[in-house]
$ cat input_8.pdb   # PDB, C-alpha atoms
ATOM      1  CA  MET X   1      41.911  83.026  78.352
ATOM      2  CA  SER X   2      45.502  83.967  79.065
ATOM      3  CA  THR X   3      47.853  81.267  80.288
ATOM      4  CA  GLY X   4      50.021  82.224  83.229
ATOM      5  CA  ALA X   5      49.922  85.437  85.189
ATOM      6  CA  PRO X   6      51.969  88.589  85.455
ATOM      7  CA  ASP X   7      54.914  88.427  87.803
ATOM      8  CA  GLU X   8      53.945  90.563  90.777
ATOM      9  CA  VAL X   9      57.528  91.701  91.361
ATOM     10  CA  ILE X  10      58.640  92.374  87.775
ATOM     11  CA  HIS X  11      55.312  93.903  86.783
ATOM     12  CA  GLN X  12      56.401  97.311  88.185
ATOM     13  CA  SER X  13      57.874  99.344  85.304
ATOM     14  CA  LEU X  14      61.300 100.184  86.759
ATOM     15  CA  ARG X  15      61.807  96.624  87.999
ATOM     16  CA  LEU X  16      60.880  95.377  84.516
ATOM     17  CA  ARG X  17      63.498  97.733  83.032
ATOM     18  CA  ILE X  18      66.109  96.546  85.555
ATOM     19  CA  MET X  19      65.507  92.903  84.655
ATOM     20  CA  ALA X  20      65.521  93.811  80.940
ATOM     21  CA  ALA X  21      68.924  95.484  81.390
ATOM     22  CA  LEU X  22      70.375  92.489  83.250
ATOM     23  CA  ASN X  23      68.893  89.770  81.039
ATOM     24  CA  PRO X  24      71.225  90.192  77.992
ATOM     25  CA  LEU X  25      74.340  89.836  80.170
ATOM     26  CA  PRO X  26      75.938  86.388  80.428
ATOM     27  CA  VAL X  27      74.993  84.376  83.509
ATOM     28  CA  GLY X  28      76.986  85.573  86.502
ATOM     29  CA  GLU X  29      78.262  88.748  84.842
ATOM     30  CA  MET X  30      77.772  91.770  87.058
ATOM     31  CA  ILE X  31      76.981  95.309  86.019
ATOM     32  CA  GLU X  32      77.967  98.351  88.037
ATOM     33  CA  PHE X  33      75.243 100.329  89.768
ATOM     34  CA  ILE X  34      76.045 103.559  87.907
ATOM     35  CA  ARG X  35      75.924 101.815  84.541
ATOM     36  CA  LEU X  36      72.627 100.173  85.421
ATOM     37  CA  ARG X  37      71.273 103.516  86.615
ATOM     38  CA  SER X  38      72.145 105.045  83.261
ATOM     39  CA  LEU X  39      70.508 102.167  81.368
ATOM     40  CA  VAL X  40      67.200 102.281  83.219
ATOM     41  CA  GLU X  41      67.205 106.070  83.665
ATOM     42  CA  ALA X  42      66.479 106.080  87.387
ATOM     43  CA  THR X  43      67.653 108.061  90.374
ATOM     44  CA  ASP X  44      70.032 106.506  92.903
ATOM     45  CA  GLY X  45      67.357 106.212  95.582
ATOM     46  CA  ASN X  46      64.682 104.807  93.301
ATOM     47  CA  LEU X  47      67.021 102.259  91.757
ATOM     48  CA  GLY X  48      68.351 101.209  95.159
ATOM     49  CA  ALA X  49      64.851 100.670  96.534
ATOM     50  CA  HIS X  50      63.723  98.549  93.601
ATOM     51  CA  LEU X  51      66.943  96.528  93.621
ATOM     52  CA  THR X  52      66.271  95.721  97.263
ATOM     53  CA  THR X  53      62.816  94.439  96.296
ATOM     54  CA  LEU X  54      64.266  92.328  93.483
ATOM     55  CA  GLU X  55      66.979  91.002  95.772
ATOM     56  CA  GLY X  56      64.352  90.087  98.355
ATOM     57  CA  ALA X  57      62.522  88.066  95.709
ATOM     58  CA  GLY X  58      65.759  86.303  94.797
ATOM     59  CA  TYR X  59      65.727  87.807  91.289
ATOM     60  CA  VAL X  60      69.018  89.693  91.550
ATOM     61  CA  ALA X  61      72.239  89.312  93.522
ATOM     62  CA  ILE X  62      74.048  92.416  94.734
ATOM     63  CA  GLU X  63      77.741  92.632  95.618
ATOM     64  CA  LYS X  64      79.324  95.570  97.376
ATOM     65  CA  ASP X  65      83.079  96.051  97.529
ATOM     66  CA  PHE X  66      85.772  98.680  97.223
ATOM     67  CA  VAL X  67      87.963  99.585  94.286
ATOM     68  CA  GLY X  68      90.806 101.340  96.048
ATOM     69  CA  LYS X  69      88.931 103.607  98.416
ATOM     70  CA  LYS X  70      85.852 103.959  96.242
ATOM     71  CA  PRO X  71      82.808 101.864  97.107
ATOM     72  CA  ARG X  72      81.373  99.851  94.256
ATOM     73  CA  THR X  73      77.998  98.148  93.947
ATOM     74  CA  ARG X  74      77.453  95.506  91.294
ATOM     75  CA  VAL X  75      74.324  93.640  90.306
ATOM     76  CA  THR X  76      73.526  90.472  88.391
ATOM     77  CA  ALA X  77      70.332  88.607  87.555
ATOM     78  CA  THR X  78      69.991  85.223  89.240
ATOM     79  CA  PRO X  79      68.765  82.177  87.281
ATOM     80  CA  LEU X  80      65.467  82.545  89.184
ATOM     81  CA  GLY X  81      65.215  86.188  88.089
ATOM     82  CA  ARG X  82      66.011  85.372  84.467
ATOM     83  CA  ALA X  83      63.342  82.678  84.413
ATOM     84  CA  ALA X  84      60.814  85.044  86.007
ATOM     85  CA  PHE X  85      61.634  87.742  83.450
ATOM     86  CA  ARG X  86      61.191  85.300  80.560
ATOM     87  CA  ARG X  87      57.872  84.108  81.991
ATOM     88  CA  HIS X  88      56.636  87.663  82.445
ATOM     89  CA  VAL X  89      57.588  88.649  78.889
ATOM     90  CA  ALA X  90      55.917  85.481  77.581
ATOM     91  CA  TYR X  91      52.808  86.379  79.566
ATOM     92  CA  LEU X  92      52.744  89.879  78.039
ATOM     93  CA  ARG X  93      53.106  88.454  74.532
ATOM     94  CA  THR X  94      50.345  85.927  75.139
ATOM     95  CA  LEU X  95      48.095  88.709  76.389
ATOM     96  CA  LEU X  96      48.673  90.673  73.199
ATOM     97  CA  GLU X  97      48.131  87.636  70.963
ATOM     98  CA  GLU X  98      44.861  86.854  72.693
ATOM     99  CA  ALA X  99      43.738  90.472  72.387
ATOM    100  CA  ALA X 100      44.465  90.370  68.667
ATOM    101  CA  GLU X 101      42.315  87.258  68.083
TER     102      GLU X 101
ATOM    103  CA  MET S   1      46.189  91.955  88.834
ATOM    104  CA  THR S   2      44.835  92.708  85.353
ATOM    105  CA  LEU S   3      46.751  94.208  82.464
ATOM    106  CA  SER S   4      45.264  95.832  79.394
ATOM    107  CA  PRO S   5      46.736  95.142  75.937
ATOM    108  CA  ALA S   6      47.918  98.767  75.889
ATOM    109  CA  ASP S   7      49.778  98.220  79.179
ATOM    110  CA  ALA S   8      51.315  95.020  77.815
ATOM    111  CA  THR S   9      52.400  96.748  74.591
ATOM    112  CA  ALA S  10      54.023  99.596  76.505
ATOM    113  CA  ALA S  11      55.769  97.216  78.917
ATOM    114  CA  LEU S  12      57.127  95.030  76.117
ATOM    115  CA  ARG S  13      58.355  98.042  74.146
ATOM    116  CA  ASP S  14      60.027  99.455  77.238
ATOM    117  CA  ALA S  15      61.710  96.149  78.080
ATOM    118  CA  GLN S  16      62.896  95.623  74.523
ATOM    119  CA  GLN S  17      64.427  99.114  74.319
ATOM    120  CA  VAL S  18      66.346  98.582  77.552
ATOM    121  CA  GLU S  19      67.521  95.115  76.446
ATOM    122  CA  VAL S  20      68.850  96.545  73.180
ATOM    123  CA  ARG S  21      70.637  99.397  74.998
ATOM    124  CA  SER S  22      72.119  96.978  77.540
ATOM    125  CA  ALA S  23      73.417  94.597  74.880
ATOM    126  CA  ARG S  24      74.856  97.524  72.906
ATOM    127  CA  LEU S  25      76.627  98.947  75.949
ATOM    128  CA  ARG S  26      78.067  95.527  76.712
ATOM    129  CA  GLY S  27      79.370  95.312  73.148
ATOM    130  CA  TYR S  28      80.962  98.748  73.518
ATOM    131  CA  GLN S  29      82.714  97.635  76.676
ATOM    132  CA  SER S  30      84.099  94.592  74.911
ATOM    133  CA  ALA S  31      85.290  96.668  71.938
ATOM    134  CA  ALA S  32      86.888  99.469  73.974
ATOM    135  CA  PRO S  33      90.214  97.824  74.904
ATOM    136  CA  HIS S  34      90.764  96.695  71.314
ATOM    137  CA  LEU S  35      90.443 100.262  70.027
ATOM    138  CA  MET S  36      92.825 101.493  72.682
ATOM    139  CA  ILE S  37      95.400  98.797  71.870
ATOM    140  CA  TRP S  38      95.344  99.644  68.165
ATOM    141  CA  GLY S  39      95.408 103.343  68.939
ATOM    142  CA  VAL S  40      98.723 102.817  70.721
ATOM    143  CA  VAL S  41      99.991 100.601  67.864
ATOM    144  CA  TRP S  42      99.110 103.300  65.330
ATOM    145  CA  ALA S  43     100.631 106.079  67.408
ATOM    146  CA  VAL S  44     103.940 104.249  67.834
ATOM    147  CA  GLY S  45     104.038 102.859  64.286
ATOM    148  CA  TYR S  46     103.252 106.047  62.400
ATOM    149  CA  MET S  47     105.532 108.134  64.589
ATOM    150  CA  LEU S  48     108.366 105.665  63.937
ATOM    151  CA  ASN S  49     107.563 105.781  60.207
ATOM    152  CA  TYR S  50     107.916 109.563  60.374
ATOM    153  CA  LEU S  51     111.018 109.736  62.556
ATOM    154  CA  ARG S  52     112.821 106.709  61.116
ATOM    155  CA  PRO S  53     111.556 106.049  57.583
ATOM    156  CA  ASP S  54     114.509 103.687  57.061
ATOM    157  CA  TRP S  55     112.987 101.360  59.676
ATOM    158  CA  VAL S  56     109.700 101.023  57.817
ATOM    159  CA  ASN S  57     110.257  97.374  56.900
ATOM    160  CA  PHE S  58     110.928  96.430  60.525
ATOM    161  CA  THR S  59     108.343  98.603  62.272
ATOM    162  CA  TRP S  60     104.988  97.079  61.577
ATOM    163  CA  LEU S  61     105.483  93.325  61.901
ATOM    164  CA  PRO S  62     106.447  93.446  65.611
ATOM    165  CA  LEU S  63     103.854  96.129  66.317
ATOM    166  CA  VAL S  64     101.025  94.219  64.633
ATOM    167  CA  THR S  65     102.137  91.051  66.420
ATOM    168  CA  LEU S  66     101.981  92.929  69.716
ATOM    169  CA  GLY S  67      98.573  94.335  68.770
ATOM    170  CA  VAL S  68      97.167  90.897  67.983
ATOM    171  CA  ALA S  69      98.631  89.515  71.220
ATOM    172  CA  GLY S  70      96.997  92.424  73.064
ATOM    173  CA  ASP S  71      93.691  91.669  71.355
ATOM    174  CA  ILE S  72      93.844  88.027  72.427
ATOM    175  CA  ALA S  73      94.771  88.991  75.998
ATOM    176  CA  ALA S  74      91.986  91.597  76.164
ATOM    177  CA  ALA S  75      89.430  89.133  74.813
ATOM    178  CA  LYS S  76      90.485  86.529  77.386
ATOM    179  CA  ALA S  77      90.410  89.066  80.227
ATOM    180  CA  ASP S  78      86.987  90.226  79.095
ATOM    181  CA  GLY S  79      85.729  86.666  78.951
ATOM    182  CA  ARG S  80      82.507  87.673  77.274
ATOM    183  CA  SER S  81      83.295  87.904  73.608
ATOM    184  CA  GLN S  82      80.097  87.565  71.616
ATOM    185  CA  LEU S  83      81.812  86.039  68.595
ATOM    186  CA  PRO S  84      83.782  82.796  68.325
ATOM    187  CA  THR S  85      87.566  83.064  67.876
ATOM    188  CA  ALA S  86      87.308  81.705  64.325
ATOM    189  CA  THR S  87      85.157  84.702  63.358
ATOM    190  CA  TYR S  88      87.873  87.133  64.541
ATOM    191  CA  LEU S  89      90.493  85.133  62.649
ATOM    192  CA  TRP S  90      88.421  85.324  59.474
ATOM    193  CA  PHE S  91      87.978  89.080  59.922
ATOM    194  CA  GLY S  92      91.718  89.500  60.458
ATOM    195  CA  ALA S  93      92.602  87.323  57.475
ATOM    196  CA  ALA S  94      90.143  89.165  55.204
ATOM    197  CA  TYR S  95      91.534  92.526  56.324
ATOM    198  CA  ALA S  96      95.128  91.394  55.786
ATOM    199  CA  VAL S  97      94.384  89.983  52.319
ATOM    200  CA  LEU S  98      92.490  93.143  51.331
ATOM    201  CA  CYS S  99      95.220  95.515  52.499
ATOM    202  CA  ILE S 100      98.258  93.542  51.352
ATOM    203  CA  GLY S 101      96.611  92.602  48.048
ATOM    204  CA  THR S 102      95.503  96.136  47.273
ATOM    205  CA  ILE S 103      98.873  97.637  48.182
ATOM    206  CA  ALA S 104     100.647  95.024  46.023
ATOM    207  CA  ILE S 105      98.385  95.824  43.072
ATOM    208  CA  MET S 106      98.245  99.603  43.416
ATOM    209  CA  GLN S 107     101.965 100.049  44.259
ATOM    210  CA  PRO S 108     101.776 103.168  46.471
ATOM    211  CA  HIS S 109     104.707 105.580  46.281
ATOM    212  CA  ASP S 110     105.045 106.528  49.935
ATOM    213  CA  ALA S 111     104.191 105.525  53.492
ATOM    214  CA  GLY S 112     101.468 108.187  53.681
ATOM    215  CA  GLN S 113      99.417 106.483  50.974
ATOM    216  CA  VAL S 114      99.650 103.150  52.778
ATOM    217  CA  ALA S 115      98.723 104.775  56.099
ATOM    218  CA  ALA S 116      95.737 106.565  54.576
ATOM    219  CA  PHE S 117      94.515 103.420  52.829
ATOM    220  CA  ASN S 118      94.765 101.274  55.977
ATOM    221  CA  ALA S 119      92.997 103.920  58.044
ATOM    222  CA  LEU S 120      90.184 104.235  55.500
ATOM    223  CA  VAL S 121      89.667 100.458  55.428
ATOM    224  CA  VAL S 122      89.446 100.403  59.224
ATOM    225  CA  ALA S 123      87.132 103.431  59.207
ATOM    226  CA  ALA S 124      84.863 101.769  56.633
ATOM    227  CA  SER S 125      84.759  98.612  58.770
ATOM    228  CA  TYR S 126      83.678 100.674  61.784
ATOM    229  CA  VAL S 127      80.978 102.440  59.795
ATOM    230  CA  ILE S 128      79.620  99.110  58.530
ATOM    231  CA  LEU S 129      79.703  97.591  62.037
ATOM    232  CA  GLY S 130      78.109 100.746  63.410
ATOM    233  CA  ALA S 131      75.317 100.611  60.864
ATOM    234  CA  LEU S 132      74.376  97.200  62.282
ATOM    235  CA  GLY S 133      73.378  98.837  65.567
ATOM    236  CA  ALA S 134      76.345 100.495  67.230
ATOM    237  CA  PRO S 135      76.119 104.267  66.643
ATOM    238  CA  ARG S 136      79.215 105.104  68.696
ATOM    239  CA  ILE S 137      81.347 102.756  66.557
ATOM    240  CA  MET S 138      79.909 104.395  63.459
ATOM    241  CA  ALA S 139      80.766 107.867  64.791
ATOM    242  CA  ILE S 140      84.350 106.750  65.447
ATOM    243  CA  GLY S 141      84.577 105.378  61.885
ATOM    244  CA  VAL S 142      83.225 108.584  60.357
ATOM    245  CA  GLY S 143      85.574 110.688  62.495
ATOM    246  CA  MET S 144      88.539 108.523  61.521
ATOM    247  CA  ALA S 145      87.713 108.766  57.805
ATOM    248  CA  CYS S 146      87.314 112.560  57.981
ATOM    249  CA  MET S 147      90.582 113.032  59.872
ATOM    250  CA  THR S 148      92.439 110.697  57.523
ATOM    251  CA  LEU S 149      91.207 112.342  54.337
ATOM    252  CA  GLY S 150      91.562 115.859  55.745
ATOM    253  CA  GLY S 151      95.121 115.163  56.909
ATOM    254  CA  TYR S 152      96.153 113.368  53.741
ATOM    255  CA  PHE S 153      95.077 116.149  51.405
ATOM    256  CA  THR S 154      96.242 119.105  53.495
ATOM    257  CA  LEU S 155      99.231 118.192  55.641
ATOM    258  CA  GLY S 156     101.780 116.825  53.179
ATOM    259  CA  THR S 157     104.873 115.586  55.021
ATOM    260  CA  LEU S 158     103.165 116.017  58.395
ATOM    261  CA  PHE S 159     100.553 113.402  57.547
ATOM    262  CA  LEU S 160     102.351 110.543  59.346
ATOM    263  CA  PRO S 161     102.704 112.369  62.684
ATOM    264  CA  TRP S 162      99.085 113.473  62.206
ATOM    265  CA  MET S 163      98.077 109.824  61.893
ATOM    266  CA  ALA S 164     100.163 108.981  64.966
ATOM    267  CA  LEU S 165      98.717 111.714  67.174
ATOM    268  CA  VAL S 166      95.221 112.199  65.830
ATOM    269  CA  GLY S 167      94.590 108.725  64.368
ATOM    270  CA  GLY S 168      96.214 106.763  67.209
ATOM    271  CA  GLY S 169      95.084 109.227  69.852
ATOM    272  CA  GLY S 170      91.602 109.263  68.335
ATOM    273  CA  LEU S 171      91.339 105.488  68.630
ATOM    274  CA  VAL S 172      92.441 105.634  72.272
ATOM    275  CA  LEU S 173      89.894 108.375  72.985
ATOM    276  CA  GLY S 174      87.267 106.429  71.037
ATOM    277  CA  GLY S 175      87.957 103.403  73.227
ATOM    278  CA  ALA S 176      87.606 105.558  76.339
ATOM    279  CA  TRP S 177      84.293 106.887  74.998
ATOM    280  CA  LEU S 178      83.011 103.333  74.458
ATOM    281  CA  ARG S 179      83.673 102.554  78.114
ATOM    282  CA  ARG S 180      81.399 105.334  79.299
ATOM    283  CA  PRO S 181      77.844 104.425  80.398
TER     284      PRO S 181
END
$ encode --input "input_8.pdb" --output "structure tokens"
Amino acid sequence: MSTGAPDEVIHQSLRLRIMAALNPLPVGEMIEFIRLRSLVEATDGNLGAHLTTLEGAGYVAIEKDFVGKKPRTRVTATPLGRAAFRRHVAYLRTLLEEAAE
Amino acid sequence: MTLSPADATAALRDAQQVEVRSARLRGYQSAAPHLMIWGVVWAVGYMLNYLRPDWVNFTWLPLVTLGVAGDIAAAKADGRSQLPTATYLWFGAAYAVLCIGTIAIMQPHDAGQVAAFNALVVAASYVILGALGAPRIMAIGVGMACMTLGGYFTLGTLFLPWMALVGGGGLVLGGAWLRRP
């Protein structure tokens, strides 16, 4: 019997990729939207929608500002989001270990 | 919600690939300003060596000092260096001992030999670093080695300005490439 359960928010594949892209960054370090989009290979609209879901769950923080006249959106994983990502990955590993037994 | 082992395998593989790419991109961003700084140092130094060969003994010490100061400033501004300062100091010391020791032993006859040797040592370092999981760094190292060897064996007296423009400029462009997503 598997311990724990999948994280309902991170379970979705693009949201899992977003959290995987943010997780290696130091705590508090932000990544620009366009760089994140390139990492997770998503469209602007799709990425924006899933970031909103993650932000609603408290898993990411989003900052919007201007560099000169250009708008800039930056994203970081919150401690809550990092912990949820680690739990979800641990759950997946446990599932595989149990399936192998 | 139930997940099959196949779903879990695919999800873990996907997450791991993105984590590796993210960490690599972050490393590239950290490395980029250092390449650009040394690209400028090379460009100025080798051009001065070409235009004013009589200044050769006074050219490199201030330039290298400026380069190291730039490295320290860039690392502090970046604030996310993955390696402790002592590791960079050991790398720098090993590089200095290798270059100075080899030049002292081999007694090169002209500035072009020294320039080519230094560039090849740097290129080899980039290829080794790149082989550990940074393909862009490896490509820059291979490009640098090819340009150095090609220039050294074909350009004769124009080798130093070649190293200034193509070697220094190449490092600056390489740094700009590392900054790209």
$ residues_around --input "input_8.pdb" --residues "X:Phe33" --least-positions-apart "2" --cutoff "8 Å" --atoms "only C-alpha atoms" --output "list in words"
Ile31, Arg35, Leu36, Arg37, Arg72, Thr73, Arg74 and Val75 of chain X
$ atom_distance --input "input_8.pdb" --atom1 "atom CA of S:Val166" --atom2 "atom CA of S:Cys99"
21.4 Å
$ closest_atom_pairs --input "input_8.pdb" --of "chain X" --to "chain S" --cutoff "6 Å" --atoms "only C-alpha atoms" --output "Markdown table"
| residue | atom | partner | partner_atom | distance |
| --- | --- | --- | --- | --- |
| X:Arg17 | CA | S:Ala15 | CA | 5.5 |
| X:Ala20 | CA | S:Glu19 | CA | 5.1 |
| X:Ala21 | CA | S:Glu19 | CA | 5.2 |
| X:Pro24 | CA | S:Ala23 | CA | 5.8 |
| X:Arg35 | CA | S:Pro181 | CA | 5.3 |
| X:Leu92 | CA | S:Ala8 | CA | 5.3 |
| X:Leu96 | CA | S:Pro5 | CA | 5.6 |
$ resolve_selection --input "input_8.pdb" --expression "the PyMOL selection byres ((chain S and resi 45) around 10)" --output "PDB file with C-alpha atoms, keeping the file's coordinate frame"
ATOM      1  CA  GLY S  39      95.408 103.343  68.939  1.00  0.00           C
ATOM      2  CA  VAL S  40      98.723 102.817  70.721  1.00  0.00           C
ATOM      3  CA  VAL S  41      99.991 100.601  67.864  1.00  0.00           C
ATOM      4  CA  TRP S  42      99.110 103.300  65.330  1.00  0.00           C
ATOM      5  CA  ALA S  43     100.631 106.079  67.408  1.00  0.00           C
ATOM      6  CA  VAL S  44     103.940 104.249  67.834  1.00  0.00           C
ATOM      7  CA  TYR S  46     103.252 106.047  62.400  1.00  0.00           C
ATOM      8  CA  MET S  47     105.532 108.134  64.589  1.00  0.00           C
ATOM      9  CA  LEU S  48     108.366 105.665  63.937  1.00  0.00           C
ATOM     10  CA  ASN S  49     107.563 105.781  60.207  1.00  0.00           C
ATOM     11  CA  TYR S  50     107.916 109.563  60.374  1.00  0.00           C
ATOM     12  CA  LEU S  51     111.018 109.736  62.556  1.00  0.00           C
ATOM     13  CA  VAL S  56     109.700 101.023  57.817  1.00  0.00           C
ATOM     14  CA  THR S  59     108.343  98.603  62.272  1.00  0.00           C
ATOM     15  CA  TRP S  60     104.988  97.079  61.577  1.00  0.00           C
ATOM     16  CA  LEU S  61     105.483  93.325  61.901  1.00  0.00           C
ATOM     17  CA  PRO S  62     106.447  93.446  65.611  1.00  0.00           C
ATOM     18  CA  LEU S  63     103.854  96.129  66.317  1.00  0.00           C
ATOM     19  CA  VAL S  64     101.025  94.219  64.633  1.00  0.00           C
ATOM     20  CA  ALA S 115      98.723 104.775  56.099  1.00  0.00           C
ATOM     21  CA  LEU S 160     102.351 110.543  59.346  1.00  0.00           C
ATOM     22  CA  PRO S 161     102.704 112.369  62.684  1.00  0.00           C
ATOM     23  CA  MET S 163      98.077 109.824  61.893  1.00  0.00           C
ATOM     24  CA  ALA S 164     100.163 108.981  64.966  1.00  0.00           C
ATOM     25  CA  GLY S 168      96.214 106.763  67.209  1.00  0.00           C
TER      26      GLY S 168
END
$ residues_around --input "input_8.pdb" --residues "X:Ile10" --least-positions-apart "3" --cutoff "9 Å" --atoms "only C-alpha atoms" --output "list of chain:residue names"
X:Pro6, X:Asp7, X:Ser13, X:Leu14, X:Arg15, X:Leu16, X:Arg17, X:Ile18, X:Met19, X:Leu54, X:Ala84, X:Phe85, X:His88
$ axis_aligned_box --input "input_8.pdb" --around "stretch 160-168 of chain S" --padding-each-side "6 Å" --output "lines of an AutoDock Vina configuration file"
center_x = 98.6
center_y = 110.1
center_z = 63.3
size_x = 20.1
size_y = 18.7
size_z = 19.9
$ atom_distance --input "input_8.pdb" --atom1 "atom CA of X:Lys64" --atom2 "atom CA of X:Ala42"
19.4 Å
$ atom_distance --input "input_8.pdb" --atom1 "atom CA of S:Leu158" --atom2 "atom CA of S:Gly174"
22.5 Å
$ closest_residue --input "input_8.pdb" --among "S:Cys146, S:Ala86, S:Ala93, S:Ile37" --to "S:Ala69" --atoms "all atoms listed in the file"
S:Ile37
$ residues_around --input "input_8.pdb" --residues "X:Val60" --least-positions-apart "3" --cutoff "8 Å" --atoms "all atoms listed in the file" --output "PDB file with C-alpha atoms, in the coordinates of the input"
ATOM      1  CA  LEU X  51      66.943  96.528  93.621  1.00  0.00           C
ATOM      2  CA  LEU X  54      64.266  92.328  93.483  1.00  0.00           C
ATOM      3  CA  GLU X  55      66.979  91.002  95.772  1.00  0.00           C
ATOM      4  CA  ALA X  57      62.522  88.066  95.709  1.00  0.00           C
ATOM      5  CA  VAL X  75      74.324  93.640  90.306  1.00  0.00           C
ATOM      6  CA  THR X  76      73.526  90.472  88.391  1.00  0.00           C
ATOM      7  CA  ALA X  77      70.332  88.607  87.555  1.00  0.00           C
ATOM      8  CA  THR X  78      69.991  85.223  89.240  1.00  0.00           C
ATOM      9  CA  GLY X  81      65.215  86.188  88.089  1.00  0.00           C
TER      10      GLY X  81
END
$ resolve_selection --input "input_8.pdb" --expression "the PyMOL selection byres ((chain S and resi 32) around 9)" --output "list in words"
Gly27, Tyr28, Gln29, Ser30, Ala31, Pro33, His34, Leu35, Met36, Ile37, Val172, Gly174, Gly175, Ala176, Trp177, Leu178 and Arg179 of chain S
$ resolve_selection --input "input_8.pdb" --expression "the PyMOL selection byres ((chain S and resi 145) around 8)" --output "ChimeraX atom specification"
/S:119-120,123-124,141-144,146-149
$ closest_residue --input "input_8.pdb" --among "X:Glu101, X:Leu95, X:Gly56, X:Arg82" --to "X:Leu25" --atoms "all atoms listed in the file"
X:Arg82
$ closest_residue --input "input_8.pdb" --among "S:Trp55, S:Phe159, S:Phe91, S:Trp38" --to "S:Gly70" --atoms "all atoms listed in the file"
S:Trp38
$ decode --input "input_8.pdb" --residues "stretch 5-16 of chain X" --atoms "C-alpha atoms" --output "short mmCIF file (atom, residue, chain, number, x, y, z; two decimals), in the first residue's frame"
data_model
loop_
_atom_site.label_atom_id
_atom_site.label_comp_id
_atom_site.auth_asym_id
_atom_site.auth_seq_id
_atom_site.Cartn_x
_atom_site.Cartn_y
_atom_site.Cartn_z
CA ALA X 5 -1.06 10.54 -2.12
CA PRO X 6 -0.42 12.41 -5.32
CA ASP X 7 -0.57 16.17 -5.07
CA GLU X 8 -3.75 17.17 -6.86
CA VAL X 9 -2.25 20.44 -8.11
CA ILE X 10 1.21 19.24 -9.18
CA HIS X 11 -0.10 16.00 -10.64
CA GLN X 12 -0.96 17.76 -13.94
CA SER X 13 2.00 17.30 -16.31
CA LEU X 14 2.75 20.94 -17.17
CA ARG X 15 2.43 22.02 -13.53
CA LEU X 16 4.82 19.20 -12.59
#
